[in-house]
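Content type compact mmCIF, C-alpha atoms, from the file entry35.txt:
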```txt
# COMPACT_ATOMS: atom_id res chain seq x y z
CA MET A 1 82.64 -74.03 -244.86
CA GLY A 2 83.39 -76.27 -241.88
CA LYS A 3 85.44 -73.54 -240.21
CA ASN A 4 82.72 -70.94 -240.73
CA MET A 5 80.09 -73.30 -239.34
CA SER A 6 82.16 -73.97 -236.21
CA LEU A 7 82.60 -70.23 -235.63
CA LEU A 8 78.89 -69.73 -236.08
CA SER A 9 78.11 -72.42 -233.51
CA LEU A 10 80.51 -70.81 -231.05
CA ARG A 11 78.76 -67.47 -231.42
CA LYS A 12 75.40 -69.10 -230.72
CA LYS A 13 76.69 -70.87 -227.63
CA GLU A 14 75.55 -69.07 -224.48
CA THR A 15 77.02 -69.29 -221.01
CA VAL A 16 74.57 -70.69 -218.47
CA VAL A 17 74.71 -68.68 -215.26
CA GLU A 18 73.68 -70.49 -212.10
CA ARG A 19 71.19 -68.41 -210.16
CA ARG A 20 69.55 -68.63 -206.76
CA ASN A 21 66.23 -67.25 -205.61
CA THR A 22 66.55 -63.95 -203.79
CA GLY A 23 63.73 -64.69 -201.36
CA ILE A 24 62.23 -61.25 -202.07
CA PRO A 25 58.85 -61.55 -203.87
CA GLY A 26 58.98 -59.70 -207.16
CA LEU A 27 62.78 -59.34 -207.27
CA ASP A 28 63.80 -62.53 -209.10
CA GLU A 29 62.06 -61.42 -212.26
CA LEU A 30 64.00 -58.13 -212.16
CA LEU A 31 67.29 -60.09 -211.97
CA ASP A 32 66.77 -62.52 -214.84
CA GLY A 33 65.87 -65.28 -212.40
CA GLY A 34 67.76 -64.45 -209.22
CA PHE A 35 71.20 -63.69 -207.78
CA PRO A 36 74.11 -65.09 -209.83
CA ASN A 37 76.35 -67.50 -207.94
CA HIS A 38 79.79 -66.30 -206.71
CA CYS A 39 78.42 -62.76 -206.40
CA GLY A 40 79.36 -60.22 -203.75
CA MET A 41 76.99 -57.26 -203.69
CA THR A 42 76.37 -54.08 -201.75
CA LEU A 43 73.02 -52.90 -200.39
CA HIS A 44 73.32 -49.13 -200.20
CA GLY A 45 70.92 -46.61 -198.75
CA PRO A 46 69.90 -44.54 -195.71
CA SER A 47 68.92 -46.07 -192.40
CA GLY A 48 65.37 -47.30 -191.95
CA VAL A 49 64.78 -48.60 -195.48
CA GLY A 50 64.97 -52.32 -194.65
CA LYS A 51 68.49 -53.23 -195.82
CA SER A 52 69.08 -55.56 -192.86
CA LEU A 53 65.58 -57.00 -193.27
CA PHE A 54 66.35 -57.63 -196.95
CA CYS A 55 69.47 -59.56 -195.89
CA GLN A 56 67.63 -61.64 -193.29
CA GLN A 57 64.82 -62.45 -195.70
CA SER A 58 67.25 -63.54 -198.41
CA LEU A 59 69.31 -65.57 -195.95
CA TRP A 60 66.14 -67.35 -194.79
CA GLU A 61 65.39 -68.26 -198.41
CA GLY A 62 68.84 -69.83 -198.65
CA LEU A 63 68.36 -71.86 -195.47
CA GLY A 64 65.12 -73.27 -196.85
CA ASN A 65 66.96 -74.34 -200.00
CA GLY A 66 69.68 -76.23 -198.12
CA GLU A 67 72.28 -73.46 -198.09
CA PHE A 68 74.53 -72.64 -195.13
CA GLY A 69 73.74 -69.20 -193.70
CA LEU A 70 76.31 -66.93 -192.06
CA TYR A 71 75.43 -63.58 -190.48
CA ILE A 72 78.31 -61.26 -189.55
CA THR A 73 76.79 -58.63 -187.28
CA TYR A 74 78.34 -55.31 -186.26
CA ASP A 75 75.30 -53.14 -185.65
CA ARG A 76 73.28 -55.35 -183.28
CA PRO A 77 73.85 -58.24 -180.84
CA PRO A 78 73.27 -61.78 -182.19
CA ASN A 79 70.15 -62.43 -180.08
CA GLU A 80 68.55 -59.32 -181.52
CA ILE A 81 69.19 -60.67 -185.02
CA ARG A 82 67.50 -63.94 -184.08
CA GLU A 83 64.54 -62.13 -182.52
CA SER A 84 64.20 -59.81 -185.51
CA MET A 85 64.06 -62.76 -187.89
CA ALA A 86 61.60 -64.66 -185.70
CA THR A 87 59.30 -61.61 -185.74
CA TYR A 88 58.81 -62.19 -189.47
CA GLY A 89 58.37 -65.95 -189.05
CA TRP A 90 62.00 -66.88 -189.74
CA ASP A 91 63.02 -68.93 -186.71
CA VAL A 92 66.63 -70.06 -187.23
CA THR A 93 66.78 -72.28 -184.11
CA ALA A 94 66.48 -75.59 -185.98
CA TYR A 95 69.11 -74.54 -188.52
CA GLU A 96 71.54 -73.57 -185.76
CA GLU A 97 71.01 -76.93 -184.08
CA LYS A 98 71.84 -78.69 -187.37
CA GLY A 99 74.92 -76.50 -187.84
CA MET A 100 73.51 -74.85 -190.96
CA PHE A 101 73.38 -71.31 -189.56
CA ALA A 102 75.89 -69.29 -187.57
CA ILE A 103 76.41 -65.74 -186.39
CA VAL A 104 79.78 -64.03 -186.11
CA ASP A 105 79.47 -61.66 -183.14
CA CYS A 106 81.34 -58.46 -183.98
CA PHE A 107 79.09 -56.34 -181.76
CA ASN A 108 79.40 -57.37 -178.11
CA GLY A 109 83.19 -57.14 -178.06
CA THR A 110 82.99 -53.35 -178.22
CA LEU A 111 80.99 -53.48 -174.95
CA GLY A 112 83.28 -56.01 -173.29
CA ILE A 113 80.50 -58.61 -173.32
CA ASN A 114 80.79 -62.24 -174.41
CA GLU A 115 77.43 -63.99 -174.74
CA GLY A 116 79.00 -67.32 -175.69
CA GLU A 117 78.64 -67.24 -179.46
CA LYS A 118 80.74 -69.88 -181.19
CA TYR A 119 82.28 -67.18 -183.38
CA TYR A 120 83.11 -64.15 -181.27
CA VAL A 121 85.38 -61.22 -182.12
CA ARG A 122 86.76 -59.70 -178.91
CA ASN A 123 87.97 -56.53 -180.65
CA PRO A 124 85.92 -55.88 -183.81
CA LEU A 125 88.20 -52.97 -184.75
CA ASP A 126 91.14 -55.37 -184.96
CA GLN A 127 91.07 -56.47 -188.59
CA ASN A 128 93.43 -59.40 -188.00
CA GLU A 129 91.25 -60.87 -185.25
CA GLN A 130 88.12 -60.27 -187.30
CA MET A 131 89.51 -62.13 -190.30
CA TYR A 132 90.91 -64.90 -188.09
CA VAL A 133 87.45 -65.63 -186.67
CA ILE A 134 85.78 -65.49 -190.09
CA ASP A 135 88.49 -67.73 -191.58
CA LYS A 136 87.89 -70.22 -188.75
CA CYS A 137 84.18 -70.25 -189.54
CA VAL A 138 84.87 -70.84 -193.25
CA ALA A 139 87.26 -73.68 -192.39
CA ASP A 140 84.67 -75.29 -190.10
CA VAL A 141 81.94 -75.10 -192.74
CA THR A 142 84.06 -76.53 -195.57
CA ARG A 143 85.41 -79.29 -193.34
CA THR A 144 81.91 -80.29 -192.23
CA PHE A 145 79.95 -79.89 -195.47
CA GLY A 146 82.62 -79.78 -198.20
CA ARG A 147 83.84 -76.95 -200.41
CA ASP A 148 80.88 -77.21 -202.79
CA ILE A 149 78.16 -76.39 -200.27
CA LYS A 150 76.15 -73.33 -201.20
CA VAL A 151 76.53 -70.49 -198.74
CA ARG A 152 74.74 -67.18 -198.23
CA VAL A 153 76.66 -64.59 -196.19
CA VAL A 154 75.39 -61.33 -194.70
CA TYR A 155 77.89 -58.63 -193.66
CA ASP A 156 75.87 -56.13 -191.64
CA SER A 157 77.61 -53.72 -191.68
CA ALA A 158 81.20 -52.45 -191.89
CA PRO A 159 82.33 -50.63 -188.71
CA LEU A 160 82.62 -46.87 -189.13
CA SER A 161 86.30 -46.75 -188.17
CA ASN A 162 87.15 -49.19 -190.95
CA MET A 163 85.01 -47.25 -193.40
CA HIS A 164 87.22 -44.20 -192.79
CA ASP A 165 90.42 -46.28 -192.82
CA LEU A 166 90.57 -46.91 -196.56
CA PRO A 167 93.42 -49.51 -196.66
CA THR A 168 91.87 -51.54 -193.85
CA PHE A 169 88.41 -51.39 -195.35
CA PHE A 170 89.62 -52.57 -198.75
CA ARG A 171 91.50 -55.48 -197.22
CA ILE A 172 88.27 -56.63 -195.59
CA ALA A 173 86.22 -55.99 -198.74
CA ARG A 174 88.68 -57.91 -200.90
CA ARG A 175 88.62 -60.86 -198.51
CA PHE A 176 84.82 -60.79 -198.56
CA LEU A 177 84.79 -60.86 -202.37
CA SER A 178 87.48 -63.56 -202.54
CA TYR A 179 85.27 -65.92 -200.52
CA CYS A 180 82.48 -65.35 -203.03
CA LYS A 181 84.78 -66.41 -205.86
CA MET A 182 86.52 -69.32 -204.09
CA TYR A 183 83.34 -70.96 -202.80
CA ASN A 184 79.67 -71.19 -203.80
CA VAL A 185 78.89 -67.96 -201.99
CA ILE A 186 76.36 -65.18 -202.41
CA GLY A 187 77.43 -62.25 -200.26
CA LEU A 188 75.23 -59.36 -199.13
CA SER A 189 77.02 -56.41 -197.56
CA VAL A 190 75.15 -53.49 -196.02
CA MET A 191 76.55 -49.98 -196.50
CA HIS A 192 74.76 -47.06 -194.85
CA LYS A 193 74.49 -43.96 -197.00
CA GLY A 194 76.23 -40.99 -195.40
CA ALA A 195 78.27 -43.08 -192.94
CA GLN A 196 81.40 -42.44 -195.01
CA ASN A 197 82.58 -39.94 -197.60
CA ARG A 198 81.09 -39.93 -201.08
CA ILE A 199 84.36 -40.96 -202.76
CA LEU A 200 84.54 -44.14 -200.69
CA GLU A 201 80.89 -44.92 -201.37
CA ASN A 202 81.45 -44.61 -205.13
CA VAL A 203 84.57 -46.76 -205.06
CA VAL A 204 82.84 -49.52 -203.09
CA LEU A 205 79.86 -49.51 -205.43
CA LYS A 206 82.27 -49.78 -208.35
CA VAL A 207 84.38 -52.73 -207.13
CA THR A 208 81.54 -54.99 -205.98
CA ASP A 209 79.86 -57.47 -208.36
CA GLY A 210 76.42 -56.05 -207.74
CA ALA A 211 74.75 -53.07 -206.11
CA ILE A 212 71.14 -52.51 -205.06
CA VAL A 213 70.29 -48.98 -203.98
CA PHE A 214 67.48 -48.17 -201.53
CA ASP A 215 65.72 -44.88 -200.84
CA LYS A 216 62.61 -43.49 -199.15
CA HIS A 217 60.46 -40.40 -199.58
CA ILE A 218 57.36 -38.90 -198.02
CA GLU A 219 54.63 -38.54 -200.62
CA ASN A 220 51.09 -37.42 -199.76
CA ASP A 221 51.84 -37.85 -196.03
CA LYS A 222 52.93 -41.44 -196.67
CA LEU A 223 56.42 -42.93 -196.37
CA THR A 224 57.24 -44.67 -199.64
CA TYR A 225 60.18 -47.01 -200.29
CA TYR A 226 62.07 -47.45 -203.56
CA LEU A 227 64.95 -49.55 -204.85
CA TRP A 228 66.80 -49.96 -208.10
CA ILE A 229 69.47 -52.36 -209.32
CA ASP A 230 72.51 -50.25 -210.04
CA LYS A 231 74.44 -53.22 -211.42
CA MET A 232 74.58 -57.02 -211.22
CA MET A 233 77.23 -59.18 -212.85
CA LEU A 234 76.22 -61.50 -215.70
CA THR A 235 72.63 -60.32 -215.42
CA ARG A 236 70.19 -58.59 -217.75
CA HIS A 237 68.54 -56.72 -214.92
CA SER A 238 65.82 -54.11 -214.68
CA ARG A 239 66.91 -50.51 -215.17
CA GLU A 240 63.84 -49.01 -213.55
CA VAL A 241 63.07 -47.70 -210.07
CA HIS A 242 60.70 -50.02 -208.21
CA GLU A 243 58.50 -49.34 -205.21
CA TYR A 244 58.45 -51.88 -202.40
CA VAL A 245 56.57 -52.38 -199.15
CA ILE A 246 57.60 -53.82 -195.79
CA ALA A 247 54.86 -56.23 -194.73
CA LYS A 248 54.44 -58.67 -191.83
CA ASP A 249 56.22 -61.37 -193.84
CA GLY A 250 59.02 -59.16 -195.17
CA ILE A 251 59.76 -57.04 -198.22
CA HIS A 252 57.66 -57.24 -201.39
CA ILE A 253 58.46 -55.52 -204.68
CA LEU A 254 55.35 -53.92 -206.15
CA LYS A 255 54.51 -54.37 -209.79
CA SER A 256 54.94 -51.27 -211.90
CA LYS A 257 51.96 -49.69 -213.62
CA ALA A 258 53.36 -50.88 -216.95
CA ASP A 259 53.39 -54.49 -215.69
CA ILE A 260 49.81 -54.22 -214.42
CA GLN A 261 48.59 -52.85 -217.74
```
When written as structure tokens, how does the structure in this file appear?
Amino acid sequence: MGKNMSLLSLRKKETVVERRNTGIPGLDELLDGGFPNHCGMTLHGPSGVGKSLFCQQSLWEGLGNGEFGLYITYDRPPNEIRESMATYGWDVTAYEEKGMFAIVDCFNGTLGINEGEKYYVRNPLDQNEQMYVIDKCVADVTRTFGRDIKVRVVYDSAPLSNMHDLPTFFRIARRFLSYCKMYNVIGLSVMHKGAQNRILENVVLKVTDGAIVFDKHIENDKLTYYLWIDKMMLTRHSREVHEYVIAKDGIHILKSKADIQ
């Protein structure tokens, strides 16, 4: 009897998953309360659907909750990232001054420009230099705040040459995921639909812990945005397609007709 009772109690015991707010109104309830900790996920979709905005909005949420924010930028210069965030009311100046926010500049090196960022990659196509700079940033953060500090990382986005160089890309992707597991990291990585072959897209979506897919359509002369959660580790997530809007204060997930009724 005692043995059966102990087995029964083990079956009833549930694992408590630590979650963090996404910062996207309407999304937490679709993810059983938010992003699971130690999760590296991909945001996949065509250009112009707000993937980078989604990242900036989520990163801002983390900063407000005492998390360290790291933005690795390939597509745009760091000052443009800061200006884009400020446009939506997310001024990171104070967080940078406190050392709680940093940008890894993987953009200006391709133009031969150095704007004086603390973390600057002279040759973004050199994987070894790229990882050296990111490793240095990780070492600085853990030395200053300790290994247990919560971190939110944005990787926006993988350079096209690496996306076509499969071994190189997977080395970077694996390192990105390893940081999520080693530290208290939530990682958001942008992948543009159509920037690489379909096989690579499918493999990347398979190996990451989570995947949110974005799309847009023109309906009745109106541009409409949709997203769905393809997968999310340790999460009983929504399986439906959800419409969202891009407002002056960021992305909002609209309630479905079923929820309204």
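Of note, CA of Val190 in chain A and CA of Lys222 in chain A are spaced 25.3 Å apart.
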*May I ask for the distance between CA of Arg152 in chain A and CA of Pro78 in chain A, given in Å to one decimal place?*
17.0 Å
_For Gly112 in chain A: contacts at 12 Å, all atoms listed in the file, fewer than 6 positions along chain excluded, given as a PyMOL selection string_ = chain A and resi 105-106+120-124
Output C-alpha atoms for every residue in that selection, as a PDB file, in the frame of the given file.
```
ATOM      1  CA  ASP A 105      79.470 -61.660-183.140  1.00  0.00           C
ATOM      2  CA  CYS A 106      81.340 -58.460-183.980  1.00  0.00           C
ATOM      3  CA  TYR A 120      83.110 -64.150-181.270  1.00  0.00           C
ATOM      4  CA  VAL A 121      85.380 -61.220-182.120  1.00  0.00           C
ATOM      5  CA  ARG A 122      86.760 -59.700-178.910  1.00  0.00           C
ATOM      6  CA  ASN A 123      87.970 -56.530-180.650  1.00  0.00           C
ATOM      7  CA  PRO A 124      85.920 -55.880-183.810  1.00  0.00           C
TER       8      PRO A 124
END
```
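Excluding range 146-148 of chain A and any residue on its chain fewer than 2 positions from it, the residues at most 12 Å away by all atoms listed in the file are Asn37, His38, Glu67, Phe68, Val138, Ala139, Asp140, Val141, Thr142, Arg143, Thr144, Lys150, Val151, Tyr179, Cys180, Lys181, Met182, Tyr183, Asn184 and Val185 of chain A.
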*asked:* When you count only C-alpha atoms, which of these residues is closest to Thr22 in chain A: A:Thr208, A:Lys136, A:Asp91, A:Gly187?
replied: A:Gly187
*Kindly provide, as a VMD selection string, the polymer residues lying within 12 Å of (55.5, -48.0, -200.4), counting only C-alpha atoms and using the coordinates exactly as they appear in the file.*
chain A and resid 49 to 50 215 to 227 242 to 247 251 to 256
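The closest residue to Cys137 in chain A, picked from A:Glu117, A:Glu201, A:Glu83, A:Asp156 and counting only C-alpha atoms, is A:Glu117.
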Copy range 120-134 of chain A out of the block into a file, keeping N, CA and C atoms, as a PDB file, in the first residue's frame.
```pdb
ATOM      1  N   TYR A 120      31.721  45.571 -30.648  1.00  0.00           N
ATOM      2  CA  TYR A 120      31.764  45.854 -32.085  1.00  0.00           C
ATOM      3  C   TYR A 120      32.452  44.703 -32.808  1.00  0.00           C
ATOM      4  N   VAL A 121      31.799  44.197 -33.850  1.00  0.00           N
ATOM      5  CA  VAL A 121      32.359  43.120 -34.664  1.00  0.00           C
ATOM      6  C   VAL A 121      32.862  43.741 -35.961  1.00  0.00           C
ATOM      7  N   ARG A 122      34.185  43.735 -36.146  1.00  0.00           N
ATOM      8  CA  ARG A 122      34.778  44.375 -37.317  1.00  0.00           C
ATOM      9  C   ARG A 122      34.380  43.657 -38.603  1.00  0.00           C
ATOM     10  N   ASN A 123      34.368  42.323 -38.557  1.00  0.00           N
ATOM     11  CA  ASN A 123      33.979  41.531 -39.725  1.00  0.00           C
ATOM     12  C   ASN A 123      32.856  40.574 -39.327  1.00  0.00           C
ATOM     13  N   PRO A 124      31.598  40.992 -39.484  1.00  0.00           N
ATOM     14  CA  PRO A 124      30.471  40.162 -39.054  1.00  0.00           C
ATOM     15  C   PRO A 124      30.406  38.799 -39.731  1.00  0.00           C
ATOM     16  N   LEU A 125      31.065  38.636 -40.890  1.00  0.00           N
ATOM     17  CA  LEU A 125      31.031  37.357 -41.580  1.00  0.00           C
ATOM     18  C   LEU A 125      32.082  36.394 -41.037  1.00  0.00           C
ATOM     19  N   ASP A 126      32.914  36.889 -40.122  1.00  0.00           N
ATOM     20  CA  ASP A 126      33.914  36.050 -39.468  1.00  0.00           C
ATOM     21  C   ASP A 126      33.286  35.478 -38.206  1.00  0.00           C
ATOM     22  N   GLN A 127      32.920  34.203 -38.255  1.00  0.00           N
ATOM     23  CA  GLN A 127      32.210  33.601 -37.137  1.00  0.00           C
ATOM     24  C   GLN A 127      33.028  33.627 -35.863  1.00  0.00           C
ATOM     25  N   ASN A 128      34.346  33.418 -35.968  1.00  0.00           N
ATOM     26  CA  ASN A 128      35.190  33.398 -34.778  1.00  0.00           C
ATOM     27  C   ASN A 128      35.207  34.764 -34.084  1.00  0.00           C
ATOM     28  N   GLU A 129      35.316  35.835 -34.860  1.00  0.00           N
ATOM     29  CA  GLU A 129      35.300  37.165 -34.255  1.00  0.00           C
ATOM     30  C   GLU A 129      33.938  37.456 -33.644  1.00  0.00           C
ATOM     31  N   GLN A 130      32.895  37.079 -34.361  1.00  0.00           N
ATOM     32  CA  GLN A 130      31.537  37.293 -33.867  1.00  0.00           C
ATOM     33  C   GLN A 130      31.337  36.633 -32.508  1.00  0.00           C
ATOM     34  N   MET A 131      31.726  35.361 -32.402  1.00  0.00           N
ATOM     35  CA  MET A 131      31.534  34.646 -31.147  1.00  0.00           C
ATOM     36  C   MET A 131      32.471  35.156 -30.055  1.00  0.00           C
ATOM     37  N   TYR A 132      33.656  35.628 -30.439  1.00  0.00           N
ATOM     38  CA  TYR A 132      34.578  36.202 -29.455  1.00  0.00           C
ATOM     39  C   TYR A 132      33.958  37.430 -28.796  1.00  0.00           C
ATOM     40  N   VAL A 133      33.358  38.309 -29.597  1.00  0.00           N
ATOM     41  CA  VAL A 133      32.751  39.526 -29.054  1.00  0.00           C
ATOM     42  C   VAL A 133      31.545  39.189 -28.183  1.00  0.00           C
ATOM     43  N   ILE A 134      30.713  38.251 -28.638  1.00  0.00           N
ATOM     44  CA  ILE A 134      29.543  37.863 -27.843  1.00  0.00           C
ATOM     45  C   ILE A 134      29.976  37.183 -26.552  1.00  0.00           C
TER      46      ILE A 134
END
```
